[in-house]
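Trainee: Sharing a structure, written as structure tokens. Questions coming.
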Amino acid sequence: MAKSPQLNNMAKKSEIIVKNVSIRTMKVNGTDYLCITDIAKQKNEVEPKDVVKNWMRQKNTLEYLGLWERLHNPAFKGVEFNPLLAEAGSNSFTMSPSRWVELTAAKGERLVKLNQIAIQQMRVLNDNEGRKLLK
């Protein structure tokens, strides 16, 4: 999927170093975003997307995502969500960010909130010894 030219013009790209690993960042309209794939590379350099998918297939992750969507997204497809939750955690269950959005009509606000939480966690991991901290 191509990014809109407007987003590319407004985005300021940078990086931070956390535990000797480079994490790409991007600031769009005053909001900082982290590359979750770069974070996942700490667990699996070859297939970081698998780390993200494994996190998303856990029942507690889906419970959190579903609760947030129910509270903040009137278009959330709860009927489609319930079978996902019932299957979550089983060996045959798979989930990805794109599948989640497609099946549940998830909104971008959830991603912004999750990103804010990730930034707070990254600040804790980062130190002041010559490394760039997010403001």
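Every chain in the structure tokens has a letter given in the order shown (A, B, ...), and although residue numbers restart at 1 in each chain, ligands are simply numbered from 1 in the order shown.
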So that I can check the secondary structure, give me every residue of range 16-127 of chain A assigned strand (DSSP E or B) by backbone DSSP, as a list in words.

Mentor: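 Matching residues, listed in order: Ile16, Ile17, Val18, Val21, Ser22, Ile23, Arg24, Thr25, Met26, Lys27, Val28, Thr31, Asp32, Tyr33 and Leu34 of chain A.
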
Trainee: Next, write the just-selected residues to a file, as a tab-separated table (two decimals), in the first residue's frame, keeping C-alpha atoms as the atom set.

Mentor:
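The resulting file, result-v9.tsv, is reproduced below:
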chain	number	residue	atom	x	y	z
A	16	ILE	CA	16.84	5.95	18.47
A	17	ILE	CA	19.22	3.35	19.84
A	18	VAL	CA	17.88	1.02	22.53
A	21	VAL	CA	19.56	-1.75	18.44
A	22	SER	CA	18.46	0.95	16.01
A	23	ILE	CA	14.70	1.66	16.15
A	24	ARG	CA	13.27	3.81	13.36
A	25	THR	CA	10.95	6.59	14.44
A	26	MET	CA	8.68	8.97	12.61
A	27	LYS	CA	6.93	12.12	13.80
A	28	VAL	CA	3.65	12.97	12.05
A	31	THR	CA	2.85	12.34	17.27
A	32	ASP	CA	5.89	10.06	17.55
A	33	TYR	CA	5.67	6.57	16.02
A	34	LEU	CA	8.04	3.64	16.55

Trainee: Do a neighbour search on range 82-87 of chain A at 12 Å with only C-alpha atoms, toss out local chain neighbours closer than 4 positions, and write the hits as a PyMOL selection string.

Mentor: chain A and resi 56-67+70+76-78+91-96+99-100+103-104

Trainee: Using C-alpha atoms, can you write the selected residues to a file as an mmCIF file, in the first residue's frame?

Mentor:
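The resulting file, again.cif, is shown below:
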data_model
loop_
_atom_site.group_PDB
_atom_site.id
_atom_site.type_symbol
_atom_site.label_atom_id
_atom_site.label_comp_id
_atom_site.auth_asym_id
_atom_site.auth_seq_id
_atom_site.Cartn_x
_atom_site.Cartn_y
_atom_site.Cartn_z
ATOM 1 C CA MET A 56 -1.340 -10.649 18.361
ATOM 2 C CA ARG A 57 -2.543 -14.247 18.557
ATOM 3 C CA GLN A 58 -2.448 -14.280 22.356
ATOM 4 C CA LYS A 59 -5.813 -14.192 24.071
ATOM 5 C CA ASN A 60 -4.880 -11.409 26.501
ATOM 6 C CA THR A 61 -3.681 -9.200 23.636
ATOM 7 C CA LEU A 62 -6.956 -9.669 21.761
ATOM 8 C CA GLU A 63 -8.964 -9.056 24.926
ATOM 9 C CA TYR A 64 -7.191 -5.720 25.366
ATOM 10 C CA LEU A 65 -7.582 -4.726 21.717
ATOM 11 C CA GLY A 66 -11.245 -5.742 21.696
ATOM 12 C CA LEU A 67 -12.034 -3.823 24.876
ATOM 13 C CA ARG A 70 -15.604 -1.460 22.071
ATOM 14 C CA PHE A 76 -16.260 -1.992 15.781
ATOM 15 C CA LYS A 77 -17.538 -5.349 14.520
ATOM 16 C CA GLY A 78 -18.094 -7.158 17.809
ATOM 17 C CA ASN A 91 -2.217 -23.676 17.872
ATOM 18 C CA SER A 92 -4.177 -23.099 14.678
ATOM 19 C CA PHE A 93 -5.101 -19.458 15.364
ATOM 20 C CA THR A 94 -3.261 -16.737 13.448
ATOM 21 C CA MET A 95 -3.558 -12.953 13.569
ATOM 22 C CA SER A 96 -1.822 -9.999 11.942
ATOM 23 C CA ARG A 99 -6.254 -9.056 9.441
ATOM 24 C CA TRP A 100 -7.347 -7.457 12.723
ATOM 25 C CA LEU A 103 -12.135 -8.327 10.381
ATOM 26 C CA THR A 104 -13.092 -5.878 13.112
#

Trainee: Measure the distance from CA of Trp55 in chain A to CA of Lys13 in chain A in Å and round it to one decimal.

Mentor: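 CA of Trp55 in chain A sits 25.9 Å away from CA of Lys13 in chain A.
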
Trainee: Tell me which of A:Glu15, A:Ala105, A:Gln42, A:Asn54 sits closest to Ser90 in chain A, counting only C-alpha atoms.

Mentor: A:Asn54
